[in-house]
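Coordinates as given in model.csv (CSV, C-alpha atoms):
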chain,number,residue,atom,x,y,z
A,26,MET,CA,152.6,31.9,16.8
A,27,LYS,CA,156.0,30.1,17.2
A,28,ILE,CA,158.0,30.1,14.0
A,29,LEU,CA,161.3,28.4,13.1
A,30,PHE,CA,163.4,30.5,10.7
A,31,LEU,CA,166.3,28.8,8.9
A,32,ALA,CA,169.0,30.8,7.1
A,33,CYS,CA,172.7,30.6,6.3
A,34,LEU,CA,174.1,32.7,9.2
A,35,SER,CA,177.8,33.3,8.4
A,36,PRO,CA,178.7,36.3,10.5
A,37,LYS,CA,178.7,39.8,9.0
A,38,THR,CA,177.1,38.6,5.7
A,39,GLY,CA,174.2,40.0,3.8
A,40,ASN,CA,172.2,36.8,4.4
A,41,HIS,CA,172.7,37.2,8.2
A,42,THR,CA,171.6,40.9,8.1
A,43,THR,CA,168.5,40.1,6.0
A,44,ALA,CA,167.5,37.2,8.3
A,45,GLU,CA,167.8,39.4,11.4
A,46,ARG,CA,165.8,42.1,9.8
A,47,ILE,CA,163.0,39.8,8.7
A,48,ARG,CA,163.0,38.1,12.2
A,49,SER,CA,162.5,41.6,13.7
A,50,HIS,CA,159.5,42.2,11.4
A,51,ILE,CA,157.9,39.0,12.4
A,52,GLU,CA,158.5,39.5,16.2
A,53,SER,CA,157.2,43.1,16.0
A,54,ALA,CA,153.8,41.5,15.1
A,55,GLY,CA,153.8,39.6,18.3
A,56,HIS,CA,155.1,36.2,17.1
A,57,THR,CA,158.0,34.2,18.5
A,58,CYS,CA,160.6,33.7,15.8
A,59,VAL,CA,163.5,31.4,16.5
A,60,LEU,CA,166.4,32.0,14.0
A,61,ARG,CA,168.7,29.0,13.4
A,62,ASP,CA,171.7,28.5,11.1
A,63,ALA,CA,170.8,26.0,8.4
A,64,GLU,CA,174.4,24.6,8.6
A,65,GLU,CA,173.6,23.2,12.1
A,66,PHE,CA,171.3,20.5,10.6
A,67,ARG,CA,172.4,17.5,8.6
A,68,SER,CA,169.0,16.4,7.4
A,69,SER,CA,165.3,17.4,7.1
A,70,PHE,CA,164.5,14.7,9.7
A,71,GLU,CA,166.5,16.6,12.4
A,72,VAL,CA,164.5,19.7,11.6
A,73,ALA,CA,161.2,17.8,11.7
A,74,HIS,CA,162.2,16.4,15.1
A,75,LEU,CA,162.9,20.0,16.4
A,76,VAL,CA,159.6,21.4,15.0
A,77,SER,CA,157.6,18.7,16.8
A,78,GLN,CA,159.2,19.1,20.2
A,79,ASN,CA,157.0,20.5,23.0
A,80,PRO,CA,156.0,23.3,22.8
A,81,PRO,CA,155.9,22.7,19.0
A,82,PHE,CA,156.6,25.2,16.3
A,83,GLU,CA,153.4,26.3,14.3
A,84,GLY,CA,155.1,27.5,11.2
A,85,ALA,CA,158.5,27.9,9.5
A,86,LEU,CA,160.4,30.1,7.1
A,87,ALA,CA,163.7,29.7,5.2
A,88,ILE,CA,166.0,31.9,3.2
A,89,HIS,CA,167.5,30.0,0.1
A,90,LEU,CA,165.4,27.2,-1.4
A,91,TYR,CA,168.2,24.7,-1.5
A,92,ARG,CA,170.5,25.3,1.4
A,93,ALA,CA,167.7,26.0,3.9
A,94,GLY,CA,164.4,25.2,2.2
A,95,ARG,CA,165.2,21.5,1.6
A,96,LEU,CA,165.5,21.0,5.4
A,97,LEU,CA,161.7,21.9,5.7
A,98,LEU,CA,160.5,19.1,3.4
A,99,ASP,CA,159.6,16.7,6.2
A,100,ILE,CA,158.0,19.1,8.7
A,101,GLN,CA,154.3,18.8,9.3
A,102,VAL,CA,153.6,22.6,9.7
A,103,PRO,CA,153.1,25.2,7.0
A,104,PHE,CA,156.1,27.2,5.8
A,105,GLY,CA,157.2,29.9,3.5
A,106,VAL,CA,160.5,30.5,1.6
A,107,VAL,CA,162.6,33.5,0.6
A,108,PHE,CA,164.8,33.2,-2.5
A,109,GLY,CA,168.4,33.9,-1.7
A,110,GLY,CA,169.9,34.6,-5.1
A,111,THR,CA,172.3,31.7,-5.8
A,112,ASP,CA,169.4,29.3,-5.5
A,113,ILE,CA,167.6,30.9,-8.4
A,114,ASN,CA,170.7,32.0,-10.4
A,115,GLU,CA,173.1,29.1,-9.9
A,116,ASP,CA,171.6,26.0,-8.2
A,117,VAL,CA,168.8,25.7,-10.8
A,118,LYS,CA,171.5,24.7,-13.3
A,119,VAL,CA,172.1,21.5,-11.3
A,120,GLU,CA,169.3,19.0,-12.1
A,121,GLN,CA,169.4,17.2,-8.7
A,122,ARG,CA,169.2,20.6,-6.8
A,123,ARG,CA,166.5,21.9,-9.2
A,124,VAL,CA,164.3,18.9,-8.5
A,125,VAL,CA,164.6,19.4,-4.7
A,126,MET,CA,163.9,23.1,-5.0
A,127,GLN,CA,160.8,22.3,-7.1
A,128,GLN,CA,159.5,20.1,-4.3
A,129,VAL,CA,160.2,22.8,-1.7
A,130,LEU,CA,158.4,25.5,-3.7
A,131,HIS,CA,155.5,23.2,-4.4
A,132,LYS,CA,155.1,22.4,-0.7
A,133,ALA,CA,155.6,26.1,0.5
A,134,ARG,CA,152.6,28.2,1.4
A,135,PHE,CA,154.3,31.2,-0.1
A,136,ALA,CA,157.6,32.4,-1.6
A,137,VAL,CA,159.3,35.8,-1.7
A,138,ALA,CA,161.5,37.1,-4.5
A,139,PHE,CA,163.5,40.3,-4.2
A,140,THR,CA,162.9,41.3,-7.9
A,141,ASP,CA,160.5,40.6,-10.8
A,142,LYS,CA,163.3,39.0,-12.7
A,143,MET,CA,163.9,36.6,-9.9
A,144,LYS,CA,160.2,35.7,-9.8
A,145,LYS,CA,160.2,35.0,-13.5
A,146,ARG,CA,163.3,32.8,-13.3
A,147,ALA,CA,161.6,30.8,-10.5
A,148,GLU,CA,158.4,30.4,-12.6
A,149,LEU,CA,160.5,29.3,-15.6
A,150,PHE,CA,163.0,26.9,-13.9
A,151,LEU,CA,160.9,25.7,-11.0
A,152,LEU,CA,157.5,25.5,-12.7
A,153,SER,CA,155.9,27.5,-9.9
A,154,GLN,CA,152.5,29.1,-10.1
A,155,SER,CA,152.8,32.9,-10.3
A,156,SER,CA,150.3,33.6,-7.5
A,157,LYS,CA,152.5,31.8,-4.9
A,158,ILE,CA,155.6,34.1,-5.4
A,159,ASN,CA,155.5,37.6,-3.9
A,160,VAL,CA,157.9,40.3,-5.0
A,161,GLN,CA,159.3,42.3,-2.1
A,162,PRO,CA,162.6,44.2,-2.5
A,163,GLN,CA,165.0,44.2,0.5
A,164,GLY,CA,164.4,46.9,3.1
A,165,ILE,CA,167.5,48.9,3.8
A,166,GLN,CA,168.6,50.6,7.0
A,167,THR,CA,172.1,52.1,7.6
A,168,GLU,CA,173.8,53.1,10.8
A,169,VAL,CA,177.2,54.7,11.0
A,170,ALA,CA,179.6,53.9,13.9
A,171,GLU,CA,180.3,57.2,15.8
A,172,LYS,CA,183.8,56.2,16.8
A,173,PHE,CA,185.4,55.3,13.5
A,174,CYS,CA,188.8,56.4,12.3
A,175,TRP,CA,189.3,56.2,8.5
A,176,ARG,CA,193.0,56.6,8.7
A,177,GLU,CA,193.3,53.7,11.2
A,178,PHE,CA,191.0,51.6,8.9
A,179,LEU,CA,193.3,52.2,5.9
A,180,GLN,CA,196.6,51.7,7.8
A,181,SER,CA,195.3,48.4,9.3
A,182,ALA,CA,194.7,47.2,5.8
A,183,GLY,CA,198.3,48.0,4.9
A,184,VAL,CA,197.7,51.3,3.1
A,185,SER,CA,200.6,53.6,3.9
A,186,GLY,CA,201.7,57.2,3.2
A,187,GLU,CA,201.2,60.7,4.5
A,188,ASP,CA,198.4,61.8,2.3
A,189,LEU,CA,195.8,59.1,3.0
A,190,ASP,CA,193.0,61.7,2.9
A,191,GLN,CA,193.9,62.4,-0.7
A,192,LEU,CA,193.4,58.8,-1.9
A,193,SER,CA,190.5,57.7,-4.0
A,194,VAL,CA,189.5,54.5,-2.3
A,195,PHE,CA,187.4,52.0,-4.3
A,196,LEU,CA,185.8,49.7,-1.7
A,197,LEU,CA,184.7,46.1,-2.5
A,198,VAL,CA,182.4,44.9,0.2
A,199,CYS,CA,181.9,41.1,0.0
A,200,GLY,CA,182.3,37.8,1.9
A,201,LEU,CA,185.3,35.9,0.5
A,202,ARG,CA,183.6,33.2,-1.5
A,203,ARG,CA,183.8,32.2,-5.2
A,204,VAL,CA,180.4,33.7,-6.2
A,205,LYS,CA,181.6,37.2,-5.1
A,206,ASP,CA,184.7,36.9,-7.4
A,207,PRO,CA,186.8,39.2,-5.3
A,208,LEU,CA,189.9,38.9,-7.6
A,209,TYR,CA,188.0,39.8,-10.8
A,210,LEU,CA,189.3,43.4,-10.9
A,211,VAL,CA,192.6,43.0,-9.0
A,212,GLU,CA,195.1,42.7,-11.9
A,213,VAL,CA,193.7,45.5,-14.1
A,214,PHE,CA,193.2,47.8,-11.0
A,215,SER,CA,196.9,47.3,-10.0
A,216,GLU,CA,198.0,48.3,-13.5
A,217,TRP,CA,195.8,51.4,-13.3
A,218,HIS,CA,197.2,52.2,-9.8
A,219,SER,CA,200.8,52.1,-11.2
A,220,GLU,CA,199.8,55.0,-13.5
A,221,ASN,CA,197.6,56.7,-10.9
A,222,PRO,CA,198.9,55.9,-7.4
A,223,GLN,CA,196.2,57.9,-5.7
A,224,ASN,CA,193.6,55.3,-6.7
A,225,VAL,CA,193.5,52.2,-4.4
A,226,PHE,CA,191.3,49.1,-4.1
A,227,VAL,CA,190.3,47.8,-0.7
A,228,ILE,CA,188.5,44.5,-0.2
A,229,VAL,CA,186.6,44.1,3.1
A,230,GLY,CA,184.4,41.3,4.3
A,231,PRO,CA,184.2,38.0,6.3
A,232,LYS,CA,186.5,35.1,5.4
A,233,ILE,CA,184.0,32.4,4.4
A,234,ASP,CA,185.8,30.1,2.0
A,235,PRO,CA,189.2,29.2,3.5
A,236,ALA,CA,190.8,28.2,0.2
A,237,LEU,CA,189.7,31.4,-1.6
A,238,THR,CA,190.7,33.5,1.5
A,239,ALA,CA,194.3,32.1,1.3
A,240,GLU,CA,194.4,32.8,-2.5
A,241,VAL,CA,193.1,36.4,-2.0
A,242,GLU,CA,195.7,37.0,0.8
A,243,ALA,CA,198.5,35.7,-1.4
A,244,VAL,CA,197.5,37.8,-4.4
A,245,VAL,CA,197.0,41.0,-2.4
A,246,LYS,CA,200.4,40.6,-0.8
A,247,ARG,CA,202.1,40.7,-4.1
A,248,THR,CA,199.8,43.2,-5.9
A,249,ALA,CA,200.4,47.0,-5.7
A,250,GLY,CA,197.5,49.2,-5.0
A,251,VAL,CA,195.2,46.4,-3.7
A,252,PHE,CA,194.6,45.8,0.0
A,253,LEU,CA,192.6,43.4,2.2
A,254,ALA,CA,190.9,44.8,5.3
A,255,GLN,CA,189.8,42.8,8.3
A,256,GLU,CA,186.0,42.3,8.5
A,257,ARG,CA,184.2,44.9,10.5
A,258,SER,CA,180.8,45.4,12.2
A,259,GLN,CA,178.0,46.7,10.0
A,260,GLN,CA,178.2,50.1,11.6
A,261,GLU,CA,181.9,50.3,11.0
A,262,LEU,CA,181.5,49.2,7.5
A,263,HIS,CA,178.9,51.9,6.9
A,264,ALA,CA,181.3,54.4,8.3
A,265,ALA,CA,184.0,53.2,6.0
A,266,MET,CA,181.6,53.4,3.0
A,267,LYS,CA,180.9,57.1,3.8
A,268,CYS,CA,184.7,57.8,3.7
A,269,CYS,CA,185.6,56.1,0.4
A,270,PHE,CA,185.3,57.3,-3.2
A,271,ALA,CA,183.1,54.5,-4.6
A,272,MET,CA,181.5,51.2,-3.7
A,273,VAL,CA,182.4,48.2,-6.0
A,274,ASN,CA,180.5,45.0,-6.7
A,275,SER,CA,182.2,42.3,-8.8
A,276,SER,CA,179.9,39.3,-8.1
A,277,ILE,CA,179.2,36.5,-10.6
A,278,SER,CA,175.7,36.2,-9.2
A,279,GLU,CA,173.5,38.3,-6.8
A,280,GLY,CA,170.0,38.0,-5.6
A,281,MET,CA,169.8,41.6,-4.4
A,282,SER,CA,173.0,43.1,-3.0
A,283,ALA,CA,172.3,44.8,0.3
A,284,ALA,CA,175.8,46.4,0.2
A,285,ILE,CA,174.9,48.2,-3.1
A,286,LEU,CA,171.7,49.5,-1.6
A,287,GLU,CA,173.4,50.5,1.7
A,288,ALA,CA,176.0,52.4,-0.3
A,289,MET,CA,173.3,54.3,-2.2
A,290,ASP,CA,171.5,55.1,1.0
A,291,LEU,CA,174.8,56.4,2.5
A,292,GLY,CA,175.4,58.8,-0.5
A,293,LEU,CA,178.1,56.7,-2.2
A,294,PRO,CA,178.3,56.1,-6.0
A,295,VAL,CA,178.2,52.4,-7.1
A,296,LEU,CA,180.2,50.6,-9.7
A,297,ALA,CA,178.6,47.2,-10.2
A,298,ARG,CA,179.3,44.2,-12.5
A,299,ASP,CA,176.5,43.9,-15.1
A,300,ILE,CA,174.7,40.8,-14.0
A,301,PRO,CA,170.9,40.4,-13.7
A,302,GLY,CA,170.7,40.9,-9.9
A,303,ASN,CA,172.7,44.1,-10.0
A,304,ALA,CA,171.0,45.5,-13.1
A,305,ALA,CA,167.7,45.1,-11.3
A,306,VAL,CA,168.8,47.8,-8.8
A,307,VAL,CA,171.5,49.8,-10.6
A,308,GLN,CA,170.2,51.7,-13.6
A,309,HIS,CA,173.3,52.5,-15.7
A,310,GLU,CA,174.2,56.3,-15.6
A,311,ILE,CA,171.1,57.0,-13.4
A,312,THR,CA,171.5,55.3,-10.0
A,313,GLY,CA,175.0,53.9,-10.6
A,314,LEU,CA,177.4,52.6,-13.3
A,315,LEU,CA,177.5,49.0,-14.7
A,316,TYR,CA,180.5,47.3,-16.2
A,317,SER,CA,181.0,44.0,-18.0
A,318,SER,CA,184.8,43.6,-18.0
A,319,PRO,CA,187.7,44.7,-15.9
A,320,GLN,CA,188.7,47.2,-18.6
A,321,GLU,CA,185.3,48.7,-18.7
A,322,PHE,CA,185.4,49.0,-14.9
A,323,VAL,CA,188.5,51.2,-15.3
A,324,HIS,CA,186.8,53.3,-18.0
A,325,GLN,CA,183.7,53.9,-15.8
A,326,SER,CA,185.9,54.6,-12.8
A,327,TRP,CA,187.7,57.3,-14.8
A,328,ARG,CA,184.4,58.9,-15.7
A,329,LEU,CA,183.4,58.9,-12.1
A,330,LEU,CA,186.7,60.6,-11.1
A,331,SER,CA,186.6,63.2,-13.8
A,332,ASP,CA,182.9,64.1,-14.1
A,333,HIS,CA,181.8,65.6,-10.8
A,334,GLU,CA,178.3,66.3,-12.2
A,335,LEU,CA,177.9,62.6,-13.1
A,336,ARG,CA,179.0,61.6,-9.6
A,337,GLU,CA,176.6,64.0,-7.9
A,338,ARG,CA,173.7,62.8,-10.1
A,339,LEU,CA,174.3,59.1,-9.3
A,340,VAL,CA,174.5,59.8,-5.6
A,341,ARG,CA,171.3,61.9,-5.6
A,342,ASN,CA,169.4,59.4,-7.7
A,343,GLY,CA,170.7,56.4,-5.8
A,344,LYS,CA,169.6,57.8,-2.5
A,345,LEU,CA,166.1,58.6,-3.9
A,346,TYR,CA,165.8,55.2,-5.4
A,347,VAL,CA,166.5,53.5,-2.0
A,348,GLU,CA,164.1,55.8,-0.2
A,349,GLU,CA,161.3,55.1,-2.7
A,350,HIS,CA,161.7,51.3,-3.3
A,351,HIS,CA,163.5,49.8,-0.3
A,352,GLY,CA,161.8,51.2,2.8
A,353,LEU,CA,161.5,49.1,5.9
A,354,LYS,CA,157.7,49.9,6.4
A,355,GLN,CA,156.6,48.1,3.2
A,356,GLU,CA,158.9,45.1,3.9
A,357,ARG,CA,157.6,44.8,7.4
A,358,GLU,CA,154.0,44.8,6.3
A,359,THR,CA,154.7,42.2,3.6
A,360,TYR,CA,156.3,39.7,5.9
A,361,GLN,CA,153.7,40.2,8.6
A,362,ARG,CA,150.9,39.6,6.1
A,363,LEU,CA,152.6,36.5,4.7
A,364,VAL,CA,153.3,35.0,8.1
A,365,ASP,CA,149.7,35.6,9.1
A,366,ALA,CA,148.8,33.4,6.1
A,367,LEU,CA,150.6,30.5,7.7
A,368,LEU,CA,148.0,30.4,10.5
Could you quickly redo this structure as structure tokens?
Amino acid sequence: MKILFLACLSPKTGNHTTAERIRSHIESAGHTCVLRDAEEFRSSFEVAHLVSQNPPFEGALAIHLYRAGRLLLDIQVPFGVVFGGTDINEDVKVEQRRVVMQQVLHKARFAVAFTDKMKKRAELFLLSQSSKINVQPQGIQTEVAEKFCWREFLQSAGVSGEDLDQLSVFLLVCGLRRVKDPLYLVEVFSEWHSENPQNVFVIVGPKIDPALTAEVEAVVKRTAGVFLAQERSQQELHAAMKCCFAMVNSSISEGMSAAILEAMDLGLPVLARDIPGNAAVVQHEITGLLYSSPQEFVHQSWRLLSDHELRERLVRNGKLYVEEHHGLKQERETYQRLVDALL
């Protein structure tokens, strides 16, 4: 079976990683899966023309109901959709987008939500029948770069000093776009750093939004204790995670943060903003710590620094949680079963 797979493929983003992993699952079942960036297409007519070319596609899949799913509305073959996160959490608030997403979900043969909460939001806002939406958490696989120098990583981000190994590095892994809110903690962290210089904050990820990137670069340049690292390959990022003190998430909205799950898998404690997508995977004081304000972030960070037993418990439970709920085998079986349903 030849399948067209549309997703937003900004390099080195969670969306790209998820799409590549799902494509691999589909192809391991013997199908041909052509992954294309949704941004390449200006209209659903362009996609319909592509699908009908010889040899034609026999099915399609999209991640994100609005940004990719709307491009499938005019195709004449069955398709499925995977909720991205911002579609269900943010785009449903805009009536014009919500109407389009209702049409996509109505026409789709199946849909996949990463969490039960995401499924319930889709049923509520998009008036979807429950049986159409399958819940399948993201599968997680981590791989650490063998040739990685932590000292070089810090120095290239502008962190200086002789005792780099003594620093407690809080790592915010995110693409630079508004929904990730990379500046949310910067001011309060800098104040904390002035009292405790061994604590530093490093932001790392692809520069997606040019205006926000310029803003982040300007703020970081004038803010003590806060640094911006160049984007890295996933293997280098995983190596950096293993070396830092804690992984931070400050997003306004998340579907299911792969970076949080990867940190847990790598044995790293997680400090995540208390939003529905994060609370679905981070159980406060069990698999990680949640915070709802910059001040509370500092409080929880202090706890993590001073309570070694708490840190060890979070690391142990986080790794167990990922192993039990985010294995690749179950994810592979789910997508292969759903794609077979397109036949």
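All residues of protein, DNA or RNA that reach within 12 Å of Asp188 in chain A, judged by all atoms listed in the file and not counting those fewer than 2 positions away in the chain, are A:Arg176, A:Leu179, A:Gln180, A:Val184, A:Ser185, A:Gly186, A:Asp190, A:Gln191, A:Leu192, A:Ser193, A:Pro222, A:Gln223.
Excluding Arg357 in chain A itself and any same-chain residue fewer than 6 positions from it, the protein and nucleic acid residues within 10 Å of it, counting all atoms listed in the file, are Arg46, Ile47, Arg48, Ser49, His50, Ile51, Ser53, Ala54, Gln161 and Gly164 of chain A.
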* Asked: Which value, in Å to one decimal, gives the distance between CA of Gly230 in chain A and CA of Arg257 in chain A?
  -> 7.2 Å
* CA of Val347 in chain A and CA of Leu329 in chain A, how far apart in Å? ->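 Spanning CA of Leu329 in chain A to CA of Val347 in chain A is a straight-line distance of 20.4 Å.
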* Would you mind listing what lies within 7 Å of range 290-301 of chain A as a PyMOL selection string, with only C-alpha atoms counted and same-chain residues fewer than 3 positions away left out? => chain A and resi 267+271-276+278+285-287+304-305+313-317+336+339-340+343-344+347
